[in-house]
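S.K.: Sharing a structure here in structure tokens format.
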Amino acid sequence: MLTDHLPRTSLAFLPTPIHEMERLRERLGPSCPRLLIKRDDQTGLATGGNKTRKLEFVVADAIAQGSDVLITAGGPQSNHCRQTAAAAARLGLGCVLIASGERQPKQTWNGNLLLNHLLGASVVFARHHSREEMMQSIADDLKSKGRTPYVIPVGASMPIGSAGYVAAVEELAGQLDEMGEMPDTVIFASGSAGTHAGILVGSEALGLPFAVEGIADGDDVEELRAKICDLVKETTALLKLDLQIPDEKLVLHGSYGEPGYAVITDDDVRAMELMAQSEGILADPVYTGRALKGVFDLIEQGRWGVDETVMFWHTGGSSGMFGRADEIMASLP
Ligand SMILES: Cc1ncc(COP(=O)(O)O)c(C=O)c1O
């Protein structure tokens with residue numbers, strides 16, 4: 001195993017299932033490729049998602065360093081924050097979450113923001129401060145009170161976080177082998193670089209033939225590409241792999257995030273609706289709905305032949321939709 005030498009804490013229900021999406025394929029018309037889905041929305045930790053895999057390695061590192069409180073940051077509806085709060089609860093650690101922006105005067109405690117409270121995390125709004133500076137100053141304050149804090153960067157997108165997705169690709173390779181399947185493309189939502197970097201490093205290290213393609217969640221595409229590139233190198237170094245991944249293997253679809261991060265459009269909601277109504281699978285409006293919008297558009301453009309197989313790696317996040325319910329309803333017919 002590529003990640004065996006790293007400390008790891010079991011948090012997820014693994015392996016996550018893989019299955020075919022025949023009804024969705026039918027709905028997408030006669031030229032649609034075969035569609036598989038890997039269900040990381042079912043990792044199990046307080047409604048699951050991709051961060052649980054990263055946190056298995058990150059939280060193990062925190063514990064190895066004697067930490068007793070996790071600090072991290074994200075948007076108010078961050079799935080990463082919710083899974084970090086759940087991991088902290090499960091392991092008896094404290095948790096402080098920095099939510100970007102202002103607390104609204106009539107703040108509604110819903111979606112992940114509600115779950116963070118239920119899970120016992122302290123939530124602090126960053127207001128006009130940088131989230132990174134806030135995390136550091138809260139860590140310093142906790143240290144002065146005798147605590148041992150551990151700061152997790154946004155999205156747990158750090159080399160040991162990406163190692164979670166290298167391990168996930170090993171899991172995937174074993175499942176594909178058993179199923180006698182090999183997709184032509186594995187495609188997923190890409191936001192803070194960690195999932196994308198891990199899947200790319202894992203598939204290259206194992207020599208898997210499929211294309212690895214991310215769909216950017218926002219419009220800072222070049223920044224995200226550079227971050228993935230750096231994290232690929234750092235993760236490769238962490239795992240002591242002798243790999244040179246050529247630039248053209250880093251495929252990031254940029255146009256679907258153009259409306260801007262977390263700006264919900266009718267097309268994002270339409271993609272969520274199509275997935276829900278043909279497979280009974282919930283996506284979220286910020287990451288996986290947007291990624292599905294991209295997948296459906298690429299299918300419509302004839303990007304894959306009817307004999308090819310595309311695997312959508314579902315990264316979770318549906319609990320975040322309850323924080324945006326009115327906007328989603330407004331986009332539904
Ligand atoms: C549901 C969901 N999918 C995908 C992503 C993107 O993953 P990454 O940040 O590792 O690129 C996120 C990030 O928060 C997420 O919450």
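The chains in the structure tokens are called A, B, ... from first to last as shown; in each chain the residues are counted from 1, and the ligands are counted from 1 in the order shown.
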Neighbouring residues of range 35-45 of chain A were defined as those with any atom within 10 Å, considering only C-alpha atoms; residues of the same chain fewer than 4 positions away were excluded. Please report them as JSON, numbers by chain.
M.R.: {"A": [11, 12, 13, 14, 15, 16, 17, 18, 19, 20, 21, 22, 23, 24, 25, 49, 50, 51, 52, 53, 82, 83, 84, 85, 86, 87, 90, 168, 172, 181, 183, 186, 187, 188, 281, 282, 283, 288, 308, 309, 310, 311, 312, 313, 314, 315, 316, 317, 318]}
S.K.: Contacts of Arg290 in chain A at 7 Å or less, counting only C-alpha atoms, minus same-chain residues fewer than 4 places along, as JSON, numbers by chain?
M.R.: {"A": [217, 256, 268, 285, 286, 294]}
S.K.: Would you mind exporting C-alpha atoms of the selected residues as a PDB file, in the first residue's frame?
M.R.:
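Saved file selection_35.pdb follows:
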```
ATOM      1  CA  ASP A 217     -16.058  24.751  -8.553  1.00  0.00           C
ATOM      2  CA  TYR A 256     -18.454  25.369 -15.525  1.00  0.00           C
ATOM      3  CA  ASP A 268     -26.447  23.648 -11.447  1.00  0.00           C
ATOM      4  CA  PRO A 285     -25.454  22.999  -5.528  1.00  0.00           C
ATOM      5  CA  VAL A 286     -21.861  24.205  -4.985  1.00  0.00           C
ATOM      6  CA  GLY A 294     -20.134  19.787 -16.543  1.00  0.00           C
TER       7      GLY A 294
END
```
S.K.: Need the shell around Leu142 in chain A: protein/DNA/RNA residues with any atom at most 12 Å away, counting only C-alpha atoms. Skip same-chain ones fewer than 4 positions apart. Format as a PyMOL selection string?
M.R.: chain A and resi 67-71+94-96+135-138+146-151
S.K.: What are the nearest atom pairs, with distances in Å to one decimal, for all residues of chain A that come at most 6 Å from ligand 1, using only C-alpha atoms and all ligand atoms, set out by chain and rising residue number as a Markdown table?
M.R.:
```
| residue | atom | partner | partner_atom_place_in_ligand_line | distance |
| --- | --- | --- | --- | --- |
| A:Asn79 | CA | ligand 1 | 16 (O) | 4.5 |
| A:His80 | CA | ligand 1 | 14 (O) | 5.4 |
| A:Gly155 | CA | ligand 1 | 9 (O) | 4.8 |
| A:Ala189 | CA | ligand 1 | 4 (C) | 4.7 |
| A:Ser190 | CA | ligand 1 | 11 (O) | 3.9 |
| A:Gly191 | CA | ligand 1 | 11 (O) | 3.5 |
| A:Ser192 | CA | ligand 1 | 9 (O) | 3.6 |
| A:Ala193 | CA | ligand 1 | 11 (O) | 4.1 |
| A:Gly194 | CA | ligand 1 | 10 (O) | 4.0 |
| A:Thr195 | CA | ligand 1 | 10 (O) | 3.7 |
| A:His196 | CA | ligand 1 | 11 (O) | 5.9 |
| A:Tyr287 | CA | ligand 1 | 3 (N) | 4.8 |
| A:Thr288 | CA | ligand 1 | 3 (N) | 5.7 |
| A:Thr315 | CA | ligand 1 | 3 (N) | 4.4 |
| A:Gly316 | CA | ligand 1 | 1 (C) | 4.3 |
| A:Gly317 | CA | ligand 1 | 1 (C) | 3.7 |
```
S.K.: Using only C-alpha atoms, please write the residues we just selected to a file, as a CSV table (one decimal), in the first residue's frame.
M.R.:
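Result file follows (part.csv):
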```csv
chain,number,residue,atom,x,y,z
A,79,ASN,CA,-18.6,20.3,4.1
A,80,HIS,CA,-15.0,20.2,5.2
A,155,GLY,CA,-10.3,21.7,2.6
A,189,ALA,CA,-15.6,18.2,-8.5
A,190,SER,CA,-12.3,20.0,-7.8
A,191,GLY,CA,-12.2,22.9,-5.3
A,192,SER,CA,-9.2,23.2,-3.0
A,193,ALA,CA,-6.9,20.8,-4.9
A,194,GLY,CA,-6.5,17.9,-2.4
A,195,THR,CA,-8.9,15.4,-4.0
A,196,HIS,CA,-7.7,16.1,-7.5
A,287,TYR,CA,-19.6,21.2,-5.9
A,288,THR,CA,-21.2,18.0,-7.1
A,315,THR,CA,-17.7,13.7,-3.2
A,316,GLY,CA,-20.8,14.3,-1.1
A,317,GLY,CA,-22.0,17.6,0.3
```
S.K.: Using DSSP on the backbone coordinates, identify all residues within range 35-260 of chain A classified as alpha helix (DSSP H); present the result as number ranges by chain.
M.R.: A: 51-64, 79-91, 111-118, 131-144, 159-179, 194-205, 221-238
S.K.: Nearest to Lys54 in chain A: which of A:Gly74, A:Pro159, A:Pro259, A:Gly180 is it, counting only C-alpha atoms?
M.R.: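 For Lys54 in chain A, the nearest of the given residues is A:Pro159.
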S.K.: Using only C-alpha atoms, find the one residue out of A:Met1, A:Ala205, A:Leu238, A:Leu114 that sits nearest to Ala46 in chain A.
M.R.: A:Leu114
S.K.: Between CA of Ala211 in chain A and CA of Glu273 in chain A, what is the distance, to one decimal in Å?
M.R.: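 One can read the CA of Ala211 in chain A to CA of Glu273 in chain A distance as 26.7 Å.
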S.K.: Excluding Ala60 in chain A and residues on its chain fewer than 4 positions from it, collect all residues at most 10 Å away from it, counting only C-alpha atoms, and give them as a PyMOL selection string.
M.R.: chain A and resi 6-10+55-56+64-67+160
S.K.: Measuring between only C-alpha atoms, which one of A:Pro153, A:Gly111, A:Gly48, A:Gly302 shows the shortest distance to Ile98 in chain A?
M.R.: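 The shortest atom-to-atom distance to Ile98 in chain A comes from A:Pro153.
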S.K.: Select, from A:Val154, A:Val251, A:Leu93, A:Ala73, the residue with the minimum atom-to-atom distance to Val221 in chain A, counting only C-alpha atoms.
M.R.: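 For Val221 in chain A, the nearest of the given residues is A:Val251.
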S.K.: Using Å and a single decimal, report how far CA of Asp184 in chain A sits from CA of Gly260 in chain A.
M.R.: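 According to the coordinates, CA of Gly260 in chain A and CA of Asp184 in chain A are separated by 29.1 Å.
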